[in-house]
Every structure is written in structure tokens, then in C-alpha cells.
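J.: My questions will all concern the structure given below.
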Amino acid sequence: MNNLRIAEAFDLIADLLEFQGANPFRVRAYRNGARTVRDYPEQMTSIVADPSRKLTDIDGVGKDLADKIVTLCAGEPLAMLEELKAQVPRSVLTLLRIPGLGPKKAAVLFNELKVSTLDELKAACETQTVRKLKGFGAKTEETILAGISLAATADVRMMWADADKFVQSICEWMARCPEVDQIEAAGSYRRGRDTIGDLDFLVVSTQPEKVMDHFAAFPNGTTLLGRGPTKISIRLGDGLQVDLRVVPAESYGAALQYFTGSKDHNIVVRGLAKDRGLKINEYGVYRVEGKAETFVAGGTEAEVYATLGLPWFPPELREARREFDWAAAGSLPELVELGDLRGDLHMHTTATDGKATLEEMVAAAQNRGLEYVAITDHSKRVTMARGLDADRLRAQWREIDKLNKRLKDFRVLKGIEVDILEKGGLDLDDDVLSEADWVVASVHYGQNQPREQITERVLGALRNPYVSAIAHPTGRLINRRAAYEVDLQAVMQAAREHRKLLELNANPRRLDLDDVSCLAAKSLGVPIVISSDAHSTVGLDVLRYGVLQARRGGLTKADVANSLPLDEFLLLTARGL
Ligand code: DGT
Ligand code: CA
Ligand code: CA
Ligand code: ZN
């Protein structure tokens, strides 16, 4: 039982409770529990196994959650979850996978239309029955219909951050096998895609059988899917497929290049090889003369690319988008790195729905080597999070003023995440916003509005002189909710015009802006700010996921505003202080 699965159990409880119309605070307790466990740096099982430690010492874990974690770690079913599952038809759970269809709406569909499967729901949408329900409408019906196909595959692709946990534990496991000379995870994982279909490991060894035996014994409820002389595939208990190939050292670079992909990138590479009278495959690059083939390169990726007159491409760029043009022009970008970031401009504290205090968040940011942060709690419209009104916000800012006096070589910016209201306009008045150092504006409500309406709301926020940036600009939640209909091109143009920034929200569930949009922003000259949106101290660690997306978008240090020293950052946001 790993943290991921415990978190999934809590999320499922929350979904089922919500489906039943349970008290929202109760639902929220389980959602928060899921997040706490998912983000926790240590495995729950190891805490449970240690008699000197208590789960309730973890922030946000009370007695109820602790008991449930103990049960799950013992590999036993949760009575409560089983009961909930018995009350809710199993097929209804698949409805919850539809992006944009929350448990509440799913309950209406089930109760009013007796719809409990994706097929039944599809039929109900096609006969336009769904739009007649209270609170649905034609727009929602279209969204659901579009989401049904996504739902059929939604559970297939895993978020990168979750896949990364498996990669780490598989690498640790394989390190115990003395026959493994080198190991690396290739495929979409190495390219840093936001979601991963399966994992593709490469191992250098002269003893493939021993390596594969060891791999097959990976302790996580594995199923053997297939095994050949140098290749083996297993399925983990969580459903994730993992392929592993054993290659000799002289082919390692060629194999790594081949299995990193992407497929589209490799198609171009193969074409370029052919033009030069070369053949390239997972074993190496070969010169073809008549029937004779001579091995030219294969040990390292750089050597493989060099035979084609190409530079080594960072894996994040290998999507056959712009990388070959850049290479031809000699302008391959030097991609931003985690260490380039000096500030984090979006985080919450216990003043609203964060789990750590202002002081704790600041100390954690200092520990991570940052030089400045902005505290951006929610504004009052977000009642669930006890959002701040002007008085409470100013009180928090007085605390920040005091704190700044004590801090050396670190600065806390007085910020706010202000809601963009459904009817347009912002949740707090200009007089209070004008006192802020940094304002991020967010759409949290009215996400299903039509394109013009929701775009106009965001454009309105960009026109406000006190808004610094738009947070999570499209609102997408990976595998869960599609982006809202916002006209991103118009938003980017307005951002440029008004000298505003756009956020790349680094939460692995969001990664919003995504890679392609980052590239678009860069082309327009709109600076990106990579922000954690942390709701706890460990939440600050998600910045690396944001950096990965930024790199996929070709962003350099110069494209990322929070890589600037504070004084330059403030100048850039047109609010030089
Ligand atoms: P995924 O697993 O869906 O997230 O995406 P990938 O990119 O990891 O794809 P996967 O696992 O099917 O294959 C890993 C890499 O192996 C892929 O990026 C490129 C290479 N590869 C796989 N099949 C082919 C193929 O038929 N032709 C070529 N050129 N490359 C392939
Ligand atoms: Ca893969
Ligand atoms: Ca694969
Ligand atoms: Zn936030």
C-alpha cells in the first residue's frame, strides 16, 4: 500500500459522499486528507510500522483519517468505503471520470434519469434529455458528450508526478541487482509529458536473464505480461505497465534515443539518417554501402545525434514541434532549470485553506533556497476556503510587514489570489488591491460559461491596473476537468498589451499553462511565472513539475519571470518598489 493508493481511497470516499449529497465539510475533510497523503514525502506504511511515531502528528491528519490509514496499510478494506460502494452502483463511478462532471451532477443524472453507465449517458445526451434537467442546459450536455470519450481512457494515463514515484521505487529496487550496470527510464516519462501511458526502462547489462528475474520480482502485486530474451513487461498492482529492455553498453545511446521518442521525433530522425546514407535503429547508427552495414555510433545519444549533424536534444523538446528548426538555426534554447527559480509567487496559508502558517511557509521557502515569495491566499468569494475580505487581508499584510523586518536576504510580498467574479469584475476593491505588491487573479466559479463571457472576464482582470498575473489560466485538471472555453490567444495578447504575466501553475494535477501554451506565450513575449500554488510546506516542492512543463514549452531562464532577482522582478511587473 503506497501513499498514492491511500490518497485514491480518500478521494473515492469524497466522491461517493458528495454523490450522496453529504455535508460539504465532511467531503472536504477527505479531499484534504487525500492531498496530505499524496504530497507527503514519506510513505505512510513506514510511519505506521514505527511504534515511536503517530500519524496524527502529521498536519491535517486527525484520528479518523489516521485509523483509516492504519487499516489501509494493513491491507484491509475500509468498512466505510465498502459501505459507500455498496450504496452507489459501481458503474456510476465511471461517470465521475467525465471531465467537468462532478459527483453532484452525476447524482442528478442518476436520480432523475436513472443513468448509470457511460453508454446510457451518451444516449441521454444524444436525445437531448440531459439539457432539460435543472442546472444542466445545452452547453453542459455538449461538454458531457465530449467528455465521455475522454472518460473511457481517463484512467489509462497516469500523471507524471505519480509515475515518478514508481520510477524512483523501481530504480531503487533495480539498484539492488548487481548485474545492472546502468538504468534509465525513457519514453514519455523522460520527455516530461504531463501524463504517462506506460514506463519504458532501459538497462545496460551483460546478464539480461538475471536482470529480468530481478525486475519480475518487483514487490508491488505485479503481473507478468510478457518476456523475451532481452525484453520484459509487467503490470503493477496500480495498473501501470512497465516495460524493461536490456541492452549492451555499445547500444545504450541508440536505445535511449530510440525509446525516449517521441515517435514523431524519431520519424524525422530516421528520415535525416536516410538522407545521409545511414540507418538508425535501437542498436546503433550504421553506414549502408550496398549490402554491407558498418556500425558508426550507438554508445551515447550525443554521438548518435552527431552522426546526423544534430545537437543533443533535451528530451523535453523531442516532440517534432520546433526542435529541428531551432537546431538548424543554431538556436536551440537553453532550457530553464529548477535552480534558476528565485521566487514563488502563489501560495496559501492557514489564513485560508493552507495547512501551514505564514511563518512556516516562509521558512520552508527559505530552506528551499528561494529569495522571495508572495503570499496569495484566497479572496472572500471562495467561502469554502474562508477567503479573505479587505480587513482580514490587511491584517495579514501587517503580519507580513512585521515578518519582513525580521528577515534577512528574503522578502515576502503582500499578495492575494483574487477571484474573478462570475458576472465579471474582481472580488476585492481597487483600493485594497492597490496596496498589494502582487495580485494573481483566478477563475474559480462560472467555469462553464460560454467562450465570450469567460474570456471577457479574464480580459477584464487583465485590464485592471493592480492585477499582476492570471493564475492557472485555463482551469484544466488533468484527467478530471477540461480547460474552460477561454480564448487563450486573446488572453495572451491582452497580457502582452497590459504588461501582465501568465502563471504556469506547477501543481501536477494542473500544469496550467501547458507546454504548448507556454511556447505560444514565449513567442508573443509574455513572461511566465512558475508557481507552486502550495497549500502546505511540502506543496512548495511541486515547482519541479512546473519547470518540466516550461522546458517542454522551450522556455529559457529569460522567459521565466521568477528567475529574476526581486528588484528586477518587481520592475517587470510594472510595479517597481
Ligand atoms: P506513452 O507511453 O503513451 O506515454 O508514450 P511513449 O512516448 O512513452 O510511447 P511508448 O511507450 O509507446 O514508446 C516509447 C518510445 O519508443 C516512443 O516514444 C518511441 C519509441 N517507439 C515505440 N514504438 C515505436 C515505433 O513503432 N516506431 C518508432 N520510431 N519508435 C517507436
Ligand atoms: Ca511509455
Ligand atoms: Ca512502452
Ligand atoms: Zn491558489
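Chain identifiers are assigned as A, B, and so on, following the order in which chains appear in the C-alpha cells; residues are numbered from 1 within each chain, and ligands are numbered from 1 in order of appearance.
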Excluding Gly460 of chain A and its own-chain neighbours fewer than 5 positions away, which residues fall within 12 Å of it when counting only C-alpha atoms? Please give them as a list in words.
T.: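 Once the adjacent positions are removed, what remains is Ile420, Leu421, Glu422, Lys423, Gly424, Gly425, Leu426, Ala441, Ser442, Val443, Glu452, Gln453, Ile454, Thr455, Pro465, Tyr466, Val467, Ile470, Ala490, Val491, Ala494, Ala495 and His498 of chain A.
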J.: Take the residues from that selection and write them out as an mmCIF file, in the first residue's frame, keeping N, CA, C and O atoms.
T.:
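The result, stored in out22.cif:
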```cif
data_model
loop_
_atom_site.group_PDB
_atom_site.id
_atom_site.type_symbol
_atom_site.label_atom_id
_atom_site.label_comp_id
_atom_site.auth_asym_id
_atom_site.auth_seq_id
_atom_site.Cartn_x
_atom_site.Cartn_y
_atom_site.Cartn_z
ATOM 1 N N ILE A 420 -11.973 36.195 -9.914
ATOM 2 C CA ILE A 420 -12.655 36.906 -10.988
ATOM 3 C C ILE A 420 -14.121 36.484 -10.893
ATOM 4 O O ILE A 420 -14.438 35.310 -11.061
ATOM 5 N N LEU A 421 -14.976 37.417 -10.583
ATOM 6 C CA LEU A 421 -16.370 37.071 -10.272
ATOM 7 C C LEU A 421 -17.111 36.555 -11.512
ATOM 8 O O LEU A 421 -16.750 36.890 -12.641
ATOM 9 N N GLU A 422 -18.168 35.786 -11.255
ATOM 10 C CA GLU A 422 -18.954 35.221 -12.360
ATOM 11 C C GLU A 422 -19.488 36.303 -13.295
ATOM 12 O O GLU A 422 -19.533 36.144 -14.495
ATOM 13 N N LYS A 423 -19.911 37.400 -12.699
ATOM 14 C CA LYS A 423 -20.509 38.461 -13.509
ATOM 15 C C LYS A 423 -19.451 39.409 -14.066
ATOM 16 O O LYS A 423 -19.770 40.419 -14.689
ATOM 17 N N GLY A 424 -18.194 39.091 -13.866
ATOM 18 C CA GLY A 424 -17.108 39.986 -14.266
ATOM 19 C C GLY A 424 -16.704 40.848 -13.080
ATOM 20 O O GLY A 424 -17.436 40.953 -12.095
ATOM 21 N N GLY A 425 -15.549 41.452 -13.176
ATOM 22 C CA GLY A 425 -15.048 42.251 -12.061
ATOM 23 C C GLY A 425 -14.339 41.377 -11.046
ATOM 24 O O GLY A 425 -14.369 40.148 -11.133
ATOM 25 N N LEU A 426 -13.688 42.024 -10.099
ATOM 26 C CA LEU A 426 -12.887 41.304 -9.120
ATOM 27 C C LEU A 426 -13.563 41.294 -7.757
ATOM 28 O O LEU A 426 -14.395 42.144 -7.450
ATOM 29 N N ALA A 441 -5.034 36.863 -10.336
ATOM 30 C CA ALA A 441 -6.474 36.784 -10.499
ATOM 31 C C ALA A 441 -6.831 35.411 -11.053
ATOM 32 O O ALA A 441 -6.144 34.894 -11.933
ATOM 33 N N SER A 442 -7.896 34.822 -10.493
ATOM 34 C CA SER A 442 -8.262 33.450 -10.852
ATOM 35 C C SER A 442 -9.742 33.306 -11.136
ATOM 36 O O SER A 442 -10.565 33.932 -10.479
ATOM 37 N N VAL A 443 -10.036 32.432 -12.073
ATOM 38 C CA VAL A 443 -11.413 31.990 -12.289
ATOM 39 C C VAL A 443 -11.599 30.705 -11.478
ATOM 40 O O VAL A 443 -10.906 29.718 -11.714
ATOM 41 N N GLU A 452 -17.164 33.719 -25.022
ATOM 42 C CA GLU A 452 -17.049 35.185 -24.979
ATOM 43 C C GLU A 452 -17.114 35.670 -23.534
ATOM 44 O O GLU A 452 -16.369 36.542 -23.128
ATOM 45 N N GLN A 453 -18.048 35.070 -22.791
ATOM 46 C CA GLN A 453 -18.274 35.551 -21.429
ATOM 47 C C GLN A 453 -17.048 35.299 -20.546
ATOM 48 O O GLN A 453 -16.560 36.197 -19.855
ATOM 49 N N ILE A 454 -16.548 34.086 -20.583
ATOM 50 C CA ILE A 454 -15.430 33.766 -19.684
ATOM 51 C C ILE A 454 -14.158 34.477 -20.154
ATOM 52 O O ILE A 454 -13.350 34.947 -19.338
ATOM 53 N N THR A 455 -13.997 34.627 -21.448
ATOM 54 C CA THR A 455 -12.834 35.359 -21.960
ATOM 55 C C THR A 455 -12.902 36.816 -21.514
ATOM 56 O O THR A 455 -11.911 37.384 -21.055
ATOM 57 N N PRO A 465 -5.496 47.692 -13.393
ATOM 58 C CA PRO A 465 -4.081 48.069 -13.250
ATOM 59 C C PRO A 465 -3.366 47.356 -12.102
ATOM 60 O O PRO A 465 -2.144 47.319 -12.081
ATOM 61 N N TYR A 466 -4.108 46.815 -11.165
ATOM 62 C CA TYR A 466 -3.454 46.225 -9.985
ATOM 63 C C TYR A 466 -3.243 44.728 -10.108
ATOM 64 O O TYR A 466 -2.588 44.127 -9.271
ATOM 65 N N VAL A 467 -3.831 44.125 -11.131
ATOM 66 C CA VAL A 467 -3.621 42.686 -11.332
ATOM 67 C C VAL A 467 -2.239 42.470 -11.947
ATOM 68 O O VAL A 467 -1.854 43.155 -12.889
ATOM 69 N N ILE A 470 -2.424 36.225 -14.259
ATOM 70 C CA ILE A 470 -3.591 35.339 -14.226
ATOM 71 C C ILE A 470 -3.102 33.966 -13.770
ATOM 72 O O ILE A 470 -2.159 33.418 -14.342
ATOM 73 N N ALA A 490 -6.435 35.432 -27.122
ATOM 74 C CA ALA A 490 -6.843 36.790 -26.743
ATOM 75 C C ALA A 490 -6.262 37.153 -25.381
ATOM 76 O O ALA A 490 -5.826 38.293 -25.159
ATOM 77 N N VAL A 491 -6.248 36.191 -24.480
ATOM 78 C CA VAL A 491 -5.690 36.435 -23.144
ATOM 79 C C VAL A 491 -4.204 36.766 -23.244
ATOM 80 O O VAL A 491 -3.714 37.714 -22.620
ATOM 81 N N ALA A 494 -3.698 40.241 -24.654
ATOM 82 C CA ALA A 494 -4.010 41.265 -23.651
ATOM 83 C C ALA A 494 -2.921 41.316 -22.582
ATOM 84 O O ALA A 494 -2.560 42.392 -22.102
ATOM 85 N N ALA A 495 -2.401 40.157 -22.220
ATOM 86 C CA ALA A 495 -1.332 40.126 -21.227
ATOM 87 C C ALA A 495 -0.129 40.917 -21.732
ATOM 88 O O ALA A 495 0.489 41.680 -20.996
ATOM 89 N N HIS A 498 -0.977 44.750 -21.718
ATOM 90 C CA HIS A 498 -1.043 45.384 -20.393
ATOM 91 C C HIS A 498 0.170 45.045 -19.522
ATOM 92 O O HIS A 498 0.174 45.336 -18.335
#
```
J.: Residues near segment 323-334 of chain A, anyone? I mean within 7 Å using only C-alpha atoms, not counting same-chain ones fewer than 5 positions away, as a PyMOL selection string.
T.: chain A and resi 310-311+317-318+554+556
J.: Would you mind exporting the chosen residues as a short mmCIF file (atom, residue, chain, number, x, y, z; two decimals), in the first residue's frame, restricted to N, CA, C and O atoms?
T.:
```
data_model
loop_
_atom_site.label_atom_id
_atom_site.label_comp_id
_atom_site.auth_asym_id
_atom_site.auth_seq_id
_atom_site.Cartn_x
_atom_site.Cartn_y
_atom_site.Cartn_z
N LEU A 310 23.34 16.72 -35.89
CA LEU A 310 22.37 17.35 -34.98
C LEU A 310 22.99 17.49 -33.59
O LEU A 310 23.83 16.69 -33.19
N PRO A 311 22.55 18.51 -32.86
CA PRO A 311 22.98 18.63 -31.46
C PRO A 311 22.20 17.62 -30.61
O PRO A 311 21.18 17.08 -31.07
N LEU A 317 12.23 18.38 -25.42
CA LEU A 317 11.94 19.05 -26.69
C LEU A 317 11.64 18.06 -27.81
O LEU A 317 11.31 18.46 -28.92
N ARG A 318 11.75 16.77 -27.54
CA ARG A 318 11.67 15.80 -28.64
C ARG A 318 10.23 15.45 -29.00
O ARG A 318 9.76 14.34 -28.76
N GLY A 554 9.89 24.97 -24.28
CA GLY A 554 11.06 25.65 -24.82
C GLY A 554 11.46 26.90 -24.05
O GLY A 554 12.20 27.74 -24.56
N THR A 556 13.32 29.41 -21.64
CA THR A 556 14.64 29.61 -21.05
C THR A 556 14.46 30.40 -19.76
O THR A 556 13.37 30.86 -19.44
#
```
J.: Taking only C-alpha atoms and all ligand atoms into account, which residues have an atom no farther than 7 Å from ligand 4? I'd like them as a list in words.
T.: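 These are the residues that qualify: His346, Met347, His348, Thr376, Asp377, His378, Glu417 and Asp533 of chain A.
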J.: Restrict the selected residues to N, CA and C atoms and save them as a short mmCIF file (atom, residue, chain, number, x, y, z; two decimals), in the first residue's frame.
T.:
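Output (result.cif):
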```cif
data_model
loop_
_atom_site.label_atom_id
_atom_site.label_comp_id
_atom_site.auth_asym_id
_atom_site.auth_seq_id
_atom_site.Cartn_x
_atom_site.Cartn_y
_atom_site.Cartn_z
N HIS A 346 2.83 32.17 -5.68
CA HIS A 346 1.45 31.74 -5.45
C HIS A 346 1.47 30.68 -4.34
N MET A 347 0.97 31.06 -3.18
CA MET A 347 0.89 30.07 -2.09
C MET A 347 -0.14 30.51 -1.04
N HIS A 348 -0.62 29.54 -0.29
CA HIS A 348 -1.68 29.77 0.67
C HIS A 348 -1.20 29.48 2.09
N THR A 376 -0.42 34.47 -1.32
CA THR A 376 -1.62 34.77 -2.11
C THR A 376 -2.76 33.88 -1.63
N ASP A 377 -3.33 34.24 -0.50
CA ASP A 377 -4.49 33.48 -0.03
C ASP A 377 -5.71 33.84 -0.86
N HIS A 378 -6.77 33.05 -0.67
CA HIS A 378 -7.99 33.29 -1.45
C HIS A 378 -8.72 34.54 -0.98
N GLU A 417 -4.76 36.11 -4.04
CA GLU A 417 -5.35 35.45 -5.20
C GLU A 417 -6.80 35.91 -5.25
N ASP A 533 1.49 27.24 -6.08
CA ASP A 533 0.13 27.20 -5.55
C ASP A 533 0.09 26.28 -4.32
#
```
J.: Compute the set of protein, DNA and RNA residues whose minimum atom distance to ligand 1 is at most 10 Å, using only C-alpha atoms and all ligand atoms, and state it as a ChimeraX atom specification.
T.: /A:156-160,185-201,241-243,255-270,280-282,318-319
J.: Taking only C-alpha atoms into account, which of A:Lys63, A:Lys405, A:His444, A:Arg480 comes nearest Met384 of chain A?
T.: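 Nearest candidate to Met384 of chain A out of A:Lys63, A:Lys405, A:His444, A:Arg480: A:His444.
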J.: Could you tell me how far atom CA of Pro24 of chain A lies from atom CA of Thr352 of chain A, in Å and to one decimal?
T.: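 Between atom CA of Pro24 of chain A and atom CA of Thr352 of chain A the gap is 16.3 Å.
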